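Read through the structure below, which is laid out as structure tokens, and then see the notes.
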Amino acid sequence: MATSRAYAALLLLPLSLFASGTFGAGAHAASPTLIPTPISQQSDRGQLRFDARTQLHAGSEAAERASTLFSDLVQRSHGFRPGIRAGRATTGVAFEIDPDFRGDSDEAYAIDIDAKRAVVRARTAQGLQHGAVTLWQLATDANGPRKTLPAVHIEDAPRFGWRGAMLDSARHFQSVDEIKRLIDAMVVHKLNVFHWHLTDDQGWRIEIKRYPKLTEVGGCRQPSGDAGTDADGQPVRYCGWYTQAQIREVVQYAAERHIQIVPEIDIPGHATAIIAAYPELGTTTEPLKPVAEWGVFVNLLNTEESTMVFMEHVLEEVVSLFPGRYVHIGGDEAVKDQWIASPRVQAQMKALGLKTEMQMQSRMVARFEAFLAARGKRLIGWDEILEGELPPSATVMSWRGIEGGLQAAGKGHDVVMSPVSHLYLDYLQTESPNEPPGRPTTVTLRKLYDFDPVPDALAADRRHHILGVQANAWTEHMRTFDRVQHAFFPRMAALAEVGWSAPDARSYDDFLTRLPAQLQRYRMLGIAHARTPFEVRFDAASTGDGRASVALSNATGYPEIRYTTDGSEPTPASPRYEAPLSLAQSASLRAAVFVDGKPLQSADRFAITPSSLLERTDEALKMCTGALMLRLEDDTTVDGERAIFNVDIFNPCWEWTQAPLADTRAVALRVGRIPYYFQLAHDEQHRKFKPATSAHGEAVLRAGCDGPVLATTPLPAAPGKNGFLELTLPLPAQVGSKDLCIYFTGDTRPAMWVLDRVRLLPH
Ligand code: ACM
């Protein structure tokens, strides 16, 4: 098993001073399990009693706020609220602002704990807040609340000043309360920038007093497919925006927690909602509505002076709402077709002596940069803004990779690293069939953890331009806040360490030893973290002798899996998984990952039956070419549970590698249908519809995707009432083991057939 190799390597490393030891070392994990790991920590002998009688001492307003945060957290973890007293103290816990506190960063802090008292010191309120979070982490571990604080000396400061999280509130909308919950979680991870994506093709989510239609028209859309119509056939509206009063409330809430909010108003692309509200801003004369599809749209703001002034009016209100230093103006994925086709834009470009449409976009960026600079703000945009002339003070957010960031830093721009390859949280985090919808290239915990924001390729004298890192949660596939939480946690813990901890103090294996404590903290705080990274994965195959071989694994790399075959919950005494199990073809398996004698979460179940071995769900199949694979959901309820499908939207075709077809008389398919809700701009041409030979197309089976057709059957106009269709396709005799390829023909837009399950029916 690959994971045991990883851990063999760990044992050869010197154990870091505070790692709680190797896995399975016993239940007395008393060493601190801090995330992010601090710059320096020295454990001492002894401990300080910590209970409901413990007094907190605060001699300043900042100290009082830090003690209130600590007290709030303790209330959640321990169920009591330590009292707060003014002034210094010789016992208990003291929070102290110390003007002489040394440390290069305003965010630095120190903690000293001995058997008598704990002291948290910092020069600033922000530093003291970070100290309060660390102190709370010292009071909690994988077993939950602790009754003591360990004697320790900690000195700490962040590696980067920009430790960001982006949330897209345009594709799906979150309540003010949910935004505050995310901000609370950022505090616990010592993140300090909340990038709020407030406008896009699918919705305009910020009230602008001067232009009320931005939210009245731009803030609502009709969902795609069946979800867009109610039982009476009336359109359903998906609406949401933040009033200015709500924005102020969120800004204040964040500021009290030392988190800067960077609002994003995306221009000139991702602009369908704003153009729908004020068509005079658009380049096209075609009437537009906020869209309910995903992808890249061609709609661009036009380049008229009146449009620039309109946007300045919008930015004026944005600037008045957000006191932070940065305003994000997007700039990404602005496909220029409409500008190229517009005689008006082309005439303007000629008059201005501009040769390319990108120069036209750059002109816009420069204008807004000057507008923002005059108001004491700095412009930040996605890395496309580098493609034209860019004012030196503009900051670049590198998303298409790190190359944009390297180039920008080379030219003297500040940079935030946020590459899609490592820091996009809409990518799934494991290969588990239980992942919710998203983009199935996986951004695992390890991948995120191993990201280095300052690549070796960057010259030493340019490194100071890397302001930091940010992870982005695009919400096309996150209809609910639970899904947002699934995307962020536990990956936010890895992000915290990338942004905060010193590179040589970072070790993924050590991080894994501290993560169980963080999961316990999530539970105590009511954070709904993803279960999938901690699941046990079951891979079963028939061995032909009436038995099945079942391999167990864990996606995150935890090596200790314990299992039962009698239906009971595994315990530390249950057998430990060492090698694939040989089980009868009707068995019930339960298994969980254990760390230090405790399961990370409740056990997963797996039932083996003769028919389950002849069945695969779409999540367990390969995509035939995998050009653009997505995990998508059905649309048959507006709010409730929906079926989920893996599908390649360019070439919907599924493959069961080496399917055991020898004894198979027929193949049964269960297929669903989802809206074809994508716009892919120039990539659309790569979508190939296989030609149909009957009115509604066919379901086809082949032996290998380029091999002979094994069976074909015509499709009806629509699925059954439950949204599914069951099909049985007889096979020719003596096919043998083959790569079974399954696809549908015909252009069925605006819907598409998708495979849910394939079952081999034996003779
Ligand atoms: C982006 O992902 N379009 C910035």
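By order of appearance in the structure tokens: chains A, B, ..., then residues from 1 within every chain, and ligands from 1 in the order shown.
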Hey, could you make a per-residue contact list for chain A against ligand 1 with 8 Å as the cut-off, showing the nearest pair of atoms and its distance in Å to one decimal, counting only C-alpha atoms and all ligand atoms, sorted by chain and number, as JSON lines?
{"residue": "A:Gly330", "atom": "CA", "partner": "ligand 1", "partner_atom_place_in_ligand_line": "4 (C)", "distance": 7.4}
{"residue": "A:Asp332", "atom": "CA", "partner": "ligand 1", "partner_atom_place_in_ligand_line": "3 (N)", "distance": 5.3}
{"residue": "A:Glu333", "atom": "CA", "partner": "ligand 1", "partner_atom_place_in_ligand_line": "3 (N)", "distance": 6.0}
{"residue": "A:Trp382", "atom": "CA", "partner": "ligand 1", "partner_atom_place_in_ligand_line": "4 (C)", "distance": 5.8}
{"residue": "A:Trp399", "atom": "CA", "partner": "ligand 1", "partner_atom_place_in_ligand_line": "4 (C)", "distance": 5.9}
{"residue": "A:Arg400", "atom": "CA", "partner": "ligand 1", "partner_atom_place_in_ligand_line": "2 (O)", "distance": 7.5}
{"residue": "A:Val420", "atom": "CA", "partner": "ligand 1", "partner_atom_place_in_ligand_line": "2 (O)", "distance": 7.1}
{"residue": "A:Trp474", "atom": "CA", "partner": "ligand 1", "partner_atom_place_in_ligand_line": "2 (O)", "distance": 7.7}
Within 7 Å of stretch 510-526 of chain A using only C-alpha atoms, minus same-chain residues under 5 positions, as a PyMOL selection string: chain A and resi 19-20+33-34+76-77+141-142+144+600
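Comparing A:Leu406, A:Met364, A:Ala227, A:Ala751 by their smallest distance to A:Pro391, the closest is A:Met364 (using only C-alpha atoms).
Among A:Ala459, A:Val647, A:Met166, A:Val188, the residue with the shortest atom-to-atom distance to A:Asn472, counting only C-alpha atoms, is A:Met166.
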Backbone DSSP call of helix (DSSP H, G or I) for stretch 413-578 of chain A, listed as a PyMOL selection string: chain A and resi 420-423+445-449+460-465+481-488+491-500+503-505+508-525+532-534
Residues flagged strand (DSSP E or B) by DSSP in stretch 195-366 of chain A, as a count of residues only: 28
Distance query stretch 501-506 of chain A at most 7 Å, only C-alpha atoms, self and fewer than 2 positions along chain excluded, as a list in words: Pro36, Thr37, Pro38, Ile39, Pro158, Arg159, Glu497, Val498, Gly499 and Tyr508 of chain A
Can you build me a table of stretch 103-197 of chain A residues sitting at most 7 Å from stretch 260-268 of chain A, with the closest atom pair per residue and its distance in Å to one decimal, using only C-alpha atoms, sorted by chain and residue number, as a Markdown table?
| residue | atom | partner | partner_atom | distance |
| --- | --- | --- | --- | --- |
| A:Asn192 | CA | A:Gln260 | CA | 6.2 |
| A:Val193 | CA | A:Gln260 | CA | 4.9 |
| A:Phe194 | CA | A:Ile261 | CA | 4.7 |
| A:His195 | CA | A:Val262 | CA | 4.6 |
| A:Trp196 | CA | A:Pro263 | CA | 4.9 |
| A:His197 | CA | A:Glu264 | CA | 4.9 |
Spatial neighbours of stretch 291-300 of chain A, 8 Å, only C-alpha atoms, chain gap at least 5 places, as number ranges by chain: A: 201-203, 221-224, 267-273, 282-284, 333-339, 476, 677-681
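Near stretch 610-623 of chain A, within 6 Å and counting only C-alpha atoms, sit Pro433, Gln585, Asn646, Cys653, Trp654, Glu655, Trp656, Asp756, Arg757, Val758, Arg759 and Leu760 of chain A; same-chain residues fewer than 6 positions away were not included.
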I need the chosen residues saved as a PDB file, in the first residue's frame, with N, CA, C and O atoms.
ATOM      1  N   PRO A 433     -16.443   8.507  -4.315  1.00  0.00           N
ATOM      2  CA  PRO A 433     -17.750   8.708  -4.949  1.00  0.00           C
ATOM      3  C   PRO A 433     -18.663   9.589  -4.096  1.00  0.00           C
ATOM      4  O   PRO A 433     -19.682  10.064  -4.574  1.00  0.00           O
ATOM      5  N   GLN A 585     -18.644 -13.721  -0.929  1.00  0.00           N
ATOM      6  CA  GLN A 585     -19.348 -12.743  -1.760  1.00  0.00           C
ATOM      7  C   GLN A 585     -20.677 -12.314  -1.169  1.00  0.00           C
ATOM      8  O   GLN A 585     -21.592 -11.914  -1.875  1.00  0.00           O
ATOM      9  N   ASN A 646     -20.888  11.830 -12.702  1.00  0.00           N
ATOM     10  CA  ASN A 646     -19.616  12.219 -13.331  1.00  0.00           C
ATOM     11  C   ASN A 646     -19.847  12.230 -14.831  1.00  0.00           C
ATOM     12  O   ASN A 646     -20.314  11.235 -15.391  1.00  0.00           O
ATOM     13  N   CYS A 653     -19.090   9.921 -22.214  1.00  0.00           N
ATOM     14  CA  CYS A 653     -18.781   8.535 -22.573  1.00  0.00           C
ATOM     15  C   CYS A 653     -18.043   7.924 -21.385  1.00  0.00           C
ATOM     16  O   CYS A 653     -17.090   8.521 -20.898  1.00  0.00           O
ATOM     17  N   TRP A 654     -18.523   6.754 -20.937  1.00  0.00           N
ATOM     18  CA  TRP A 654     -17.990   6.154 -19.716  1.00  0.00           C
ATOM     19  C   TRP A 654     -17.361   4.800 -20.055  1.00  0.00           C
ATOM     20  O   TRP A 654     -17.867   4.093 -20.930  1.00  0.00           O
ATOM     21  N   GLU A 655     -16.311   4.439 -19.316  1.00  0.00           N
ATOM     22  CA  GLU A 655     -15.619   3.187 -19.643  1.00  0.00           C
ATOM     23  C   GLU A 655     -15.396   2.353 -18.387  1.00  0.00           C
ATOM     24  O   GLU A 655     -14.896   2.856 -17.383  1.00  0.00           O
ATOM     25  N   TRP A 656     -15.789   1.088 -18.481  1.00  0.00           N
ATOM     26  CA  TRP A 656     -15.484   0.107 -17.423  1.00  0.00           C
ATOM     27  C   TRP A 656     -14.316  -0.717 -17.959  1.00  0.00           C
ATOM     28  O   TRP A 656     -14.490  -1.535 -18.849  1.00  0.00           O
ATOM     29  N   ASP A 756     -25.875   6.702 -14.749  1.00  0.00           N
ATOM     30  CA  ASP A 756     -25.895   6.651 -13.285  1.00  0.00           C
ATOM     31  C   ASP A 756     -25.303   5.342 -12.772  1.00  0.00           C
ATOM     32  O   ASP A 756     -24.607   5.320 -11.764  1.00  0.00           O
ATOM     33  N   ARG A 757     -25.601   4.227 -13.508  1.00  0.00           N
ATOM     34  CA  ARG A 757     -25.149   2.922 -13.001  1.00  0.00           C
ATOM     35  C   ARG A 757     -25.175   1.921 -14.146  1.00  0.00           C
ATOM     36  O   ARG A 757     -26.040   1.999 -15.020  1.00  0.00           O
ATOM     37  N   VAL A 758     -24.224   1.033 -14.129  1.00  0.00           N
ATOM     38  CA  VAL A 758     -24.233  -0.048 -15.120  1.00  0.00           C
ATOM     39  C   VAL A 758     -24.140  -1.375 -14.366  1.00  0.00           C
ATOM     40  O   VAL A 758     -23.389  -1.497 -13.394  1.00  0.00           O
ATOM     41  N   ARG A 759     -24.949  -2.330 -14.797  1.00  0.00           N
ATOM     42  CA  ARG A 759     -24.968  -3.632 -14.114  1.00  0.00           C
ATOM     43  C   ARG A 759     -24.874  -4.737 -15.164  1.00  0.00           C
ATOM     44  O   ARG A 759     -25.570  -4.676 -16.187  1.00  0.00           O
ATOM     45  N   LEU A 760     -24.003  -5.713 -14.906  1.00  0.00           N
ATOM     46  CA  LEU A 760     -23.870  -6.840 -15.830  1.00  0.00           C
ATOM     47  C   LEU A 760     -24.841  -7.931 -15.392  1.00  0.00           C
ATOM     48  O   LEU A 760     -24.829  -8.340 -14.216  1.00  0.00           O
TER      49      LEU A 760
END
